[in-house]
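Student: One structure is given below, represented as structure tokens, and several questions about it will come after.
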Amino acid sequence: MFDQDTICAVSTAAGVGSIAIIRVSGKDAIGIAGRLFDSKGNVKLAHVSSHTIHFGWICDPESGERIDEVLVSVMRRPRTYTREDVIEINCHGGIVPLKRTLKILQREGARLAAPGEFTKRAFLNGRIDMTQAEAVMDVISARTEKSHKAAKEQLEGGLSKATAEIREQVIGLLAGVEATVDFPEEDIETPSGVRIEKEIGEIQKRMSQLISRAAYGRLLREGIAVAIVGRPNVGKSSLMNALLMRERAIVTDIPGTTRDVIEEGLNIDGMPVRIIDTAGIRDTHDMVEREGVKRSLLALESADVVLTVFDGSEPLHDADRFVIEAVGCRKAVIAVINKDDCKRKLESLPALQKHVIVSCKDGRGLEILKREIVAAVTQEAFVRSDHAWVINERHREALEQAAESMERARRSVQDRLSPELIAVDLRDALDQVGTIIGTTYTEDILERIFRDFCIGK
Amino acid sequence: MNEKMRYDVVVIGAGHAGCEAALAASRMGCSTLLLTMNLDTIAQMSCNPAIGGLAKGQLVREIDALGGEMAKCIDRTGIQFRTLNSSKGPAVRGTRAQADKQRYRIAMKDTLEKQTHLDVKQGLVERLLVEDGKIQGVETNIGVQYKSGAVIVTTGTFLKGLIHIGLAHYPSGRAGEFPSVGLSDCLRDLGFELGRLKTGTPARLNGRTIDISRMKIQEGDDPAPFFSFTENTHPLIQLPCYLTYTNPLTHDIIRNSLDKSPLYAGVIKGIGPRYCPSIEDKVMRFSERERHQVFLEPEGLDTEEYYANGVSTSLPYEVQVQLYRSIPGLEEVEIMRPAYAIEYDFAPPTQIRHSLETKKIAGLYFAGQINGTSGYEEAAAQGLMAGINAALKTQNRDPLVLQRSESYIGVLIDDLVTRGTNEPYRMFTSRAEYRLLLREDNADLRLREQGRKIGLVDDAAYALYHEKKREIERELDRIKRTRVKSSEQVNNMLRNRGSMELEDDASLEQLLKRPELTYRDIAAISPLEKPVLPEAAEQVEIQVKYEGYIQRQLRQVERFAGLEQRSIPDDLDYDAVVGLGTEVRQKLKQVRPISLGQASRISGVTPAAISLLMVALEKRRRTGGSQPKTNA
């Protein structure tokens with residue numbers, strides 16, 4: 001498992017620079033990347049020559065959705081850094097598409113690289129000279145130490161306790177399941193399907209709470225993604241400029257001026273925020289504008305907060321209703337009623353959670369809006385100061401996989417599968433949690449069985 | 001003719017480990033000597049009169065697949081056979097038999113006596129003869145020396161055995177038998193570290209004084225399952241067991257007598273098994289429980305003795321009488337043999353290799369309770385492997401090391417040599433990470449070839465295995481290819497089984513995947529001229545129904561195979577591996593794992609540590625391989 005599979009990682013520092021490189025290495029690197037890569041000329045990565053660069057898009061092979069515009073370098077072994085097949089993906093779309101690409105690579109069979117793993121492989125495959133062996137070991141232990149240190153800081157902050165509690169709960173559940181398997185003749189009260197299901201539900205809830213903390217951590221590092229959407233010419237670009245307090249977007253009276261997505265960063269109360277201005281959403285026949293609308297919808301998908309802008313000086317259009325529908329109710333949504341400097345003609349807004357009235361012209365209401373943006377993502381209880389710790393991507397990844405295993409276990413319980421099959425998924429969950437706070441050995445499970453159940457025929 | 005004083009293999013002790021060891025070595029063609037303190041206690045069941053159970057049943061089937069004796073012997077002398085967990089999946093079903101203790105012992109002795117190349121003799125070994133780190137032979141208490149390059153020690157609970165009944169205690173190897181003191185001292189003198197373990201056994205009760213009308217009767221299964229892949233009759237009359245319970249009165253008696261318990265008075269120092277606690281432990285640790293189960297198991301056909309499973313104790317005799325008599329149905333009971341606890345020496349098993357050869361002395365093997373295990377099946381499995389490996393060594397062949405992914409025997413030995421043990425080690429299915437692959441039903445498919453290769457599987461057994469295998473393959477292929485068209489007849493059958501009707505057509509395999517359909521159902525839809533063997537049909541059903549899970553575990557096995565195959569040389573200098581933590585380094589030096597896979601199972605060894613080892617191994621390989629010879 002340590003040296004035969006395919007690994008991937010972002011090889012440029014996170015959140016710095018607009019171009020990031022994802023590196024994939026291993027025997028399936030080209031195959032896996034090939035499944036994500038879609039080029040104009042129908043280029044198949046499996047057939048291209050080594051050490052060539054190709055333009056195209058990263059697409060989600062499940063949905064066919066385009067994630068990012070990229071340059072992909074194909075380097076076949078042995079003339080590569082690791083002496084394995086290596087793919088480098090130059091991503092342009094910023095942090096969100098980058099993370100999605102990384103996730104899809106994992107779904108397609110690559111594994112997140114361990115600290116120093118590319119270097120380790122380079123050495124093991126003979127790419128790095130003997131004299132540097134010590135240096136390689138240093139890299140591995142230093143990087144591991146660094147990641148441990150980071151983990152430890154978070155662990156002391158509370159992750160350790162929360163994860164340990166989850167682990168104990170899973171071990172307790174597994175102990176019950178294992179006891180029914182290994183001690184069928186004992187007079188012990190082993191958990192019923194209903195109880196197992198209930199407990200799995202509780203564990204899943206705790207896991208998703210932790211995962212949402214990861215999301216908050218991501219917000220701190222990468223900024224809150226705030227998408228400004230609305231029908232054409234309600235003043236989306238004006239709102240962006242007003243929030244940034246400079247002329248970033250081109251503002252005209254012509255509907256459909258903004259045809260692409262524009263992204264800019266700012267800081268609200270110490271919280272990094274990325275404002276994303278989008279093209280107006282409407283049904284249009286203009287080819288270029290249509291592409292813009294498509295991108296707006298994409299930006300909407302990946303935003304943390306959506307500002308739906310309405311023109312307060314006009315009654316609600318059908319196009320506004322189209323936007324409301326497109327936004328749906330899945331996000332933190334704030335309705336922004338613009339042009340408060342003009343006479344109000346907009347009366348009621350259907351089913352939107354929150355609204356703020358602003359004027360981009362004189363700045364009225366903008367401070368309130370800023371506060372609402374931050375509040376929208378920090379409402380959750382976990383952000384209260386006593387719980388203000390976050391978890392990193394690797395931990396999130398582990399927790400998400402653990403949560404998936406728990407879900408499989410839950411389905412097995414519902415399908416009334418035999419307990420040893422349920423145990424398979426519970427063990428997988430423990431293995432994942434173990435990557436955060438250390439391996440769970442069979443001995444730990446046995447310990448729990450003998451503690452909880454009176455075994456002794 | 002002079003008495004034979006030199007053997008290829010000498011086995012000390014004729015318990016379950018010793019018998020398998022001696023049979024394996026002699027059957028592989030080695031001249032073998034089996035030495036026991038008492039010829040009348042060969043293959044004695046010191047504790048419960050049963051063989052098999054969860055995970056243990058798997059061990060017995062594996063022993064049989066490799067060509068061992070235990071399965072055959074119990075099939076011939078069992079007086080009740082059951083499949084435990086029959087309502088659960090095939091991977092966690094376990095066969096268990098009640099044994100006629102005396103007939104089991106005599107049948108095993110008979111097999112040993114008739115075995116060519118094998119001499120069975122009474123003798124108490126006091127000393128191991130060692131020269132230059134190599135075993136040379138053994139010496140008995142009356143000064144007789146037998147020379148041999150391979151010696152297997154299977155001493156059970158006899159090494160400095162100390163029996164406790166109440167606060168009274170006396171040296172003994174087993175109730176009514178001498179301990180072995182000299183050999184224990186000899187092992188210590190040779191530099192082995194020895195620890196102390198404890199185990200216990202309940203009283204044996206006179207069946208004439210038991211009122212079974214107040215108990216629940218437990219019969220065996222009909223038809224009775226088999227352990228051995230080649231046996232087909234159970235010749236003995238079958239007997240039931242009986243179930244009764246302790247009650248609050250029993251528990252009061254125990255609580256009031258704790259000051260006389262050697263366990264609670266701190267007299268016993270050895271560590272007992274958590275899964276087999278004494279009744280005083282159960283009462284104290286689970287004080288809220290109002291009753292505990294008591295199984296009364298017959299000790300044989302020719303005796304009135306019953307084994308009181310569930311009430312092992314080290315309380316004084318007079319308390320034992322009181323407490324047993326407080327149990328419904330046992331009001332008038334007569335104790336024939338009192339319960340007792342026994343402490344004994346063991347050699348922490350991180351001192352042996354996967355071949356069960358000691359690291360310290362070449363040619364010396366340990367098997368069974370001396371390695372800290374408990375249970376007849378665990379002992380027999382180790383005995384078999386020690387016998388095989390001792391024979392292979394004398395024949396200059398590579399040792400046989402079974403993988404965790406192919407057998408419980410592999411799990412057992414790897415656990416012992418990698419992690420050692422603090423309590424008597426017993427096998428559980430939860431110890432096997434590839435549990436779904438290691439089933440009783442496929443033990444032959446997993447291990448027959450290996451047994452054949454080392455020379456323990458005879459032609460008839462091998463032919464039987466081949467036929468089964470061929471039938472499985474043929475039938476799997478047939479049900480994949482055979483498609484069933486939707487018809488009134490087929491749909492009627494499906495309806496009756498609560499299964500969805502066919503609209504179009506489907507393969508037999510697809511139908512078999514449906515949880516509500518069995519192999520019998522699909523065989524009825526499309527019958528064969530000559531039905532397949534029942535064992536083959538069972539395999540087809542299991543392999544199709546559990547394919548998803550089986551594939552998943554096979555993928556896990558494959559993922560770890562790289563690590564398992566990457567061997568670590570015995571003389572790797574762990575101090576030279578940069579970056580390892582002190583504690584990890586210490587453990588690695590103690591265990592000296594044979595592969596990265598084994599190293600990864602040592603507690604505390606992290607993935608990062610494994611990476612460091614990989615780099616160190618690569619460095620070593622390159623310097624070893626490329627260094628120019630300087631002494632030319």
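We label chains A, B, ... in the order they appear in the structure tokens, count residues from 1 in each chain, and number ligands from 1 in the order shown.
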What lies within 10 Å of A:Glu199 using only C-alpha atoms, ignoring chain neighbours under 6 positions off, as a PDB file with N, CA and C atoms, in the first residue's frame?

Tutor:
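Now in part.pdb:
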```
ATOM      1  N   GLN A 169     -16.664   5.474  20.825  1.00  0.00           N
ATOM      2  CA  GLN A 169     -18.039   5.113  20.508  1.00  0.00           C
ATOM      3  C   GLN A 169     -18.076   4.016  19.432  1.00  0.00           C
ATOM      4  N   VAL A 170     -17.216   4.154  18.420  1.00  0.00           N
ATOM      5  CA  VAL A 170     -17.179   3.133  17.375  1.00  0.00           C
ATOM      6  C   VAL A 170     -16.667   1.814  17.958  1.00  0.00           C
ATOM      7  N   GLY A 172     -16.957   0.786  20.977  1.00  0.00           N
ATOM      8  CA  GLY A 172     -18.036   0.226  21.790  1.00  0.00           C
ATOM      9  C   GLY A 172     -19.054  -0.495  20.922  1.00  0.00           C
ATOM     10  N   LEU A 173     -19.387   0.138  19.817  1.00  0.00           N
ATOM     11  CA  LEU A 173     -20.356  -0.447  18.899  1.00  0.00           C
ATOM     12  C   LEU A 173     -19.802  -1.735  18.287  1.00  0.00           C
ATOM     13  N   PRO A 191     -26.242  -5.813  21.230  1.00  0.00           N
ATOM     14  CA  PRO A 191     -27.093  -4.753  20.686  1.00  0.00           C
ATOM     15  C   PRO A 191     -28.003  -5.237  19.563  1.00  0.00           C
ATOM     16  N   GLY A 193     -30.460  -4.600  16.164  1.00  0.00           N
ATOM     17  CA  GLY A 193     -30.284  -3.823  14.940  1.00  0.00           C
ATOM     18  C   GLY A 193     -30.713  -2.386  15.127  1.00  0.00           C
ATOM     19  N   LYS A 205     -23.495  11.829  13.290  1.00  0.00           N
ATOM     20  CA  LYS A 205     -23.776  13.225  13.601  1.00  0.00           C
ATOM     21  C   LYS A 205     -22.516  13.897  14.156  1.00  0.00           C
ATOM     22  N   ARG A 410     -24.552   1.311   8.235  1.00  0.00           N
ATOM     23  CA  ARG A 410     -25.957   1.559   8.546  1.00  0.00           C
ATOM     24  C   ARG A 410     -26.852   0.836   7.537  1.00  0.00           C
TER      25      ARG A 410
END
```

Student: Could you work out which residues of chain B fall inside 8 Å of chain A? Count only C-alpha atoms, and format the result as a ChimeraX atom specification.

Tutor: /B:54-55,84-85,88-89,91-92,274-278,282,286,292-295,309-310,428-431,436,549,559-563,578-579,603,608,611-612,614-616,618-619,622

Student: Which is closer to B:Val10 than all the others in B:Val333, B:Ile271, B:Val457, B:Val120, using only C-alpha atoms?

Tutor: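 Ranking B:Val333, B:Ile271, B:Val457, B:Val120 by distance to B:Val10, first place goes to B:Val120.
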
Student: So that I can check the surroundings of A:Thr101, please list as a ChimeraX atom specification every protein, DNA and RNA residue that reaches within 12 Å of it, counting only C-alpha atoms and ignoring chain neighbours fewer than 4 positions away.

Tutor: /A:8-10,20-24,32-33,35-37,57-61,65-70,89-97,105-108,110

Student: Can you write just those residues out, N, CA and C atoms, as an mmCIF file, in the first residue's frame?

Tutor:
```cif
data_model
loop_
_atom_site.group_PDB
_atom_site.id
_atom_site.type_symbol
_atom_site.label_atom_id
_atom_site.label_comp_id
_atom_site.auth_asym_id
_atom_site.auth_seq_id
_atom_site.Cartn_x
_atom_site.Cartn_y
_atom_site.Cartn_z
ATOM 1 N N CYS A 8 -1.396 11.501 -4.911
ATOM 2 C CA CYS A 8 -1.586 12.839 -5.456
ATOM 3 C C CYS A 8 -1.467 13.862 -4.337
ATOM 4 N N ALA A 9 -1.099 15.082 -4.704
ATOM 5 C CA ALA A 9 -1.035 16.172 -3.726
ATOM 6 C C ALA A 9 -0.898 17.486 -4.468
ATOM 7 N N VAL A 10 -1.277 18.556 -3.808
ATOM 8 C CA VAL A 10 -1.035 19.885 -4.367
ATOM 9 C C VAL A 10 0.427 20.202 -4.101
ATOM 10 N N ALA A 20 -2.043 26.765 -9.349
ATOM 11 C CA ALA A 20 -1.587 25.730 -8.432
ATOM 12 C C ALA A 20 -1.322 24.480 -9.238
ATOM 13 N N ILE A 21 -0.399 23.660 -8.768
ATOM 14 C CA ILE A 21 -0.079 22.425 -9.478
ATOM 15 C C ILE A 21 -0.442 21.222 -8.610
ATOM 16 N N ILE A 22 -1.183 20.324 -9.228
ATOM 17 C CA ILE A 22 -1.440 19.052 -8.551
ATOM 18 C C ILE A 22 -0.536 18.021 -9.197
ATOM 19 N N ARG A 23 0.167 17.272 -8.363
ATOM 20 C CA ARG A 23 1.056 16.248 -8.901
ATOM 21 C C ARG A 23 0.478 14.870 -8.592
ATOM 22 N N VAL A 24 0.494 14.017 -9.603
ATOM 23 C CA VAL A 24 -0.002 12.654 -9.428
ATOM 24 C C VAL A 24 1.122 11.717 -9.840
ATOM 25 N N ILE A 32 -5.733 7.484 -14.294
ATOM 26 C CA ILE A 32 -6.660 8.229 -13.428
ATOM 27 C C ILE A 32 -6.859 9.643 -13.976
ATOM 28 N N ALA A 33 -5.744 10.314 -14.283
ATOM 29 C CA ALA A 33 -5.862 11.683 -14.783
ATOM 30 C C ALA A 33 -6.626 11.685 -16.105
ATOM 31 N N ARG A 35 -9.065 9.989 -16.983
ATOM 32 C CA ARG A 35 -10.520 9.950 -16.794
ATOM 33 C C ARG A 35 -11.089 11.321 -16.447
ATOM 34 N N LEU A 36 -10.235 12.208 -15.964
ATOM 35 C CA LEU A 36 -10.701 13.538 -15.583
ATOM 36 C C LEU A 36 -10.487 14.564 -16.686
ATOM 37 N N PHE A 37 -9.659 14.209 -17.664
ATOM 38 C CA PHE A 37 -9.198 15.219 -18.610
ATOM 39 C C PHE A 37 -10.040 15.209 -19.884
ATOM 40 N N TRP A 57 -9.771 20.668 -20.060
ATOM 41 C CA TRP A 57 -10.545 20.900 -18.839
ATOM 42 C C TRP A 57 -10.513 19.673 -17.948
ATOM 43 N N ILE A 58 -10.598 19.931 -16.657
ATOM 44 C CA ILE A 58 -10.834 18.837 -15.714
ATOM 45 C C ILE A 58 -12.348 18.702 -15.578
ATOM 46 N N CYS A 59 -12.830 17.500 -15.844
ATOM 47 C CA CYS A 59 -14.262 17.269 -15.743
ATOM 48 C C CYS A 59 -14.516 16.179 -14.715
ATOM 49 N N ASP A 60 -15.643 16.290 -14.077
ATOM 50 C CA ASP A 60 -16.050 15.226 -13.168
ATOM 51 C C ASP A 60 -16.587 14.072 -14.011
ATOM 52 N N PRO A 61 -15.905 12.934 -14.017
ATOM 53 C CA PRO A 61 -16.351 11.848 -14.909
ATOM 54 C C PRO A 61 -17.744 11.311 -14.539
ATOM 55 N N GLU A 65 -19.468 17.368 -15.481
ATOM 56 C CA GLU A 65 -19.351 18.805 -15.232
ATOM 57 C C GLU A 65 -17.902 19.275 -15.367
ATOM 58 N N ARG A 66 -17.724 20.438 -15.984
ATOM 59 C CA ARG A 66 -16.375 21.001 -16.097
ATOM 60 C C ARG A 66 -15.980 21.692 -14.801
ATOM 61 N N ILE A 67 -14.820 21.362 -14.291
ATOM 62 C CA ILE A 67 -14.386 21.912 -13.003
ATOM 63 C C ILE A 67 -13.415 23.065 -13.209
ATOM 64 N N ASP A 68 -12.461 22.877 -14.117
ATOM 65 C CA ASP A 68 -11.411 23.891 -14.228
ATOM 66 C C ASP A 68 -10.730 23.786 -15.595
ATOM 67 N N GLU A 69 -10.190 24.921 -16.005
ATOM 68 C CA GLU A 69 -9.418 24.971 -17.240
ATOM 69 C C GLU A 69 -7.967 24.704 -16.855
ATOM 70 N N VAL A 70 -7.325 23.767 -17.513
ATOM 71 C CA VAL A 70 -6.006 23.340 -17.020
ATOM 72 C C VAL A 70 -5.008 23.074 -18.144
ATOM 73 N N ILE A 89 -0.946 18.730 -13.061
ATOM 74 C CA ILE A 89 -2.101 19.490 -13.527
ATOM 75 C C ILE A 89 -1.948 20.926 -13.062
ATOM 76 N N ASN A 90 -1.811 21.835 -14.009
ATOM 77 C CA ASN A 90 -1.753 23.263 -13.683
ATOM 78 C C ASN A 90 -3.172 23.792 -13.641
ATOM 79 N N CYS A 91 -3.635 24.122 -12.451
ATOM 80 C CA CYS A 91 -5.015 24.582 -12.306
ATOM 81 C C CYS A 91 -5.047 26.103 -12.271
ATOM 82 N N HIS A 92 -6.064 26.673 -12.867
ATOM 83 C CA HIS A 92 -6.148 28.132 -12.932
ATOM 84 C C HIS A 92 -7.282 28.704 -12.110
ATOM 85 N N GLY A 93 -8.219 27.891 -11.786
ATOM 86 C CA GLY A 93 -9.495 28.413 -11.292
ATOM 87 C C GLY A 93 -9.545 28.756 -9.824
ATOM 88 N N GLY A 94 -8.387 28.781 -9.152
ATOM 89 C CA GLY A 94 -8.445 29.125 -7.738
ATOM 90 C C GLY A 94 -8.680 27.901 -6.874
ATOM 91 N N ILE A 95 -8.882 28.199 -5.622
ATOM 92 C CA ILE A 95 -8.800 27.155 -4.618
ATOM 93 C C ILE A 95 -9.952 26.146 -4.680
ATOM 94 N N VAL A 96 -11.145 26.618 -5.036
ATOM 95 C CA VAL A 96 -12.281 25.700 -4.990
ATOM 96 C C VAL A 96 -12.191 24.603 -6.053
ATOM 97 N N PRO A 97 -11.985 24.981 -7.318
ATOM 98 C CA PRO A 97 -11.816 23.923 -8.326
ATOM 99 C C PRO A 97 -10.612 23.026 -8.022
ATOM 100 N N LEU A 105 -9.749 13.112 -8.035
ATOM 101 C CA LEU A 105 -8.606 12.211 -8.232
ATOM 102 C C LEU A 105 -8.648 11.096 -7.195
ATOM 103 N N GLN A 106 -8.986 11.440 -5.976
ATOM 104 C CA GLN A 106 -9.048 10.423 -4.916
ATOM 105 C C GLN A 106 -10.195 9.456 -5.156
ATOM 106 N N ARG A 107 -11.298 10.014 -5.614
ATOM 107 C CA ARG A 107 -12.429 9.142 -5.881
ATOM 108 C C ARG A 107 -12.085 8.150 -6.985
ATOM 109 N N GLU A 108 -11.255 8.598 -7.924
ATOM 110 C CA GLU A 108 -10.923 7.749 -9.072
ATOM 111 C C GLU A 108 -9.784 6.777 -8.763
ATOM 112 N N ALA A 110 -6.683 7.571 -6.696
ATOM 113 C CA ALA A 110 -5.408 8.042 -6.172
ATOM 114 C C ALA A 110 -5.553 8.254 -4.667
#
```

Student: Would you kindly return, as an NGL selection string, each protein, DNA or RNA residue with an atom no farther than 7 Å from any atom of A:Ile200, considering only C-alpha atoms and excluding same-chain residues fewer than 3 positions away?

Tutor: :A and (196-197 or 203-204 or 406 or 410)

Student: If you run DSSP on the backbone here, which positions in stretch 351-520 of chain B get alpha helix (DSSP H)? Please write them as a PyMOL selection string.

Tutor: chain B and resi 376-394+408-419+443-454+459-481+488-496+508-513+519-520

Student: At a cut-off of 7 Å, using only C-alpha atoms, what residues contact stretch 30-47 of chain B? Leave out same-chain residues fewer than 2 positions from it and give the result as a ChimeraX atom specification.

Tutor: /B:7-16,19,22,25-26,28,49,101,105,108-109,117-124,201,391

Student: Those same residues, written as a PDB file, in the first residue's frame with C-alpha atoms?

Tutor:
```
ATOM      1  CA  TYR B   7      16.747 -38.947  16.156  1.00  0.00           C
ATOM      2  CA  ASP B   8      16.086 -36.341  13.525  1.00  0.00           C
ATOM      3  CA  VAL B   9      13.451 -34.752  15.759  1.00  0.00           C
ATOM      4  CA  VAL B  10      12.718 -35.070  19.481  1.00  0.00           C
ATOM      5  CA  VAL B  11       9.410 -33.827  20.884  1.00  0.00           C
ATOM      6  CA  ILE B  12       9.110 -33.132  24.610  1.00  0.00           C
ATOM      7  CA  GLY B  13       5.542 -33.517  25.829  1.00  0.00           C
ATOM      8  CA  ALA B  14       2.640 -35.460  24.335  1.00  0.00           C
ATOM      9  CA  GLY B  15      -0.251 -33.056  24.717  1.00  0.00           C
ATOM     10  CA  HIS B  16      -2.154 -31.680  21.776  1.00  0.00           C
ATOM     11  CA  CYS B  19       1.161 -35.252  19.302  1.00  0.00           C
ATOM     12  CA  ALA B  22       5.530 -35.857  16.428  1.00  0.00           C
ATOM     13  CA  ALA B  25       7.719 -34.856  11.633  1.00  0.00           C
ATOM     14  CA  SER B  26       7.542 -38.656  11.389  1.00  0.00           C
ATOM     15  CA  MET B  28       7.472 -36.300   6.670  1.00  0.00           C
ATOM     16  CA  PRO B  49     -14.230 -32.031  27.167  1.00  0.00           C
ATOM     17  CA  LYS B 101     -11.972 -37.686  26.767  1.00  0.00           C
ATOM     18  CA  ARG B 105      -6.707 -39.929  24.337  1.00  0.00           C
ATOM     19  CA  MET B 108      -4.508 -40.542  19.576  1.00  0.00           C
ATOM     20  CA  LYS B 109      -2.117 -42.841  21.438  1.00  0.00           C
ATOM     21  CA  HIS B 117       9.472 -43.494  12.015  1.00  0.00           C
ATOM     22  CA  LEU B 118       7.983 -42.563  15.394  1.00  0.00           C
ATOM     23  CA  ASP B 119       9.010 -43.874  18.833  1.00  0.00           C
ATOM     24  CA  VAL B 120       6.871 -42.986  21.821  1.00  0.00           C
ATOM     25  CA  LYS B 121       8.586 -43.265  25.193  1.00  0.00           C
ATOM     26  CA  GLN B 122       8.010 -42.320  28.784  1.00  0.00           C
ATOM     27  CA  GLY B 123      10.692 -39.995  30.125  1.00  0.00           C
ATOM     28  CA  LEU B 124      11.021 -36.724  32.024  1.00  0.00           C
ATOM     29  CA  THR B 201     -10.676 -25.384  35.595  1.00  0.00           C
ATOM     30  CA  ALA B 391      11.274 -31.678   9.681  1.00  0.00           C
TER      31      ALA B 391
END
```
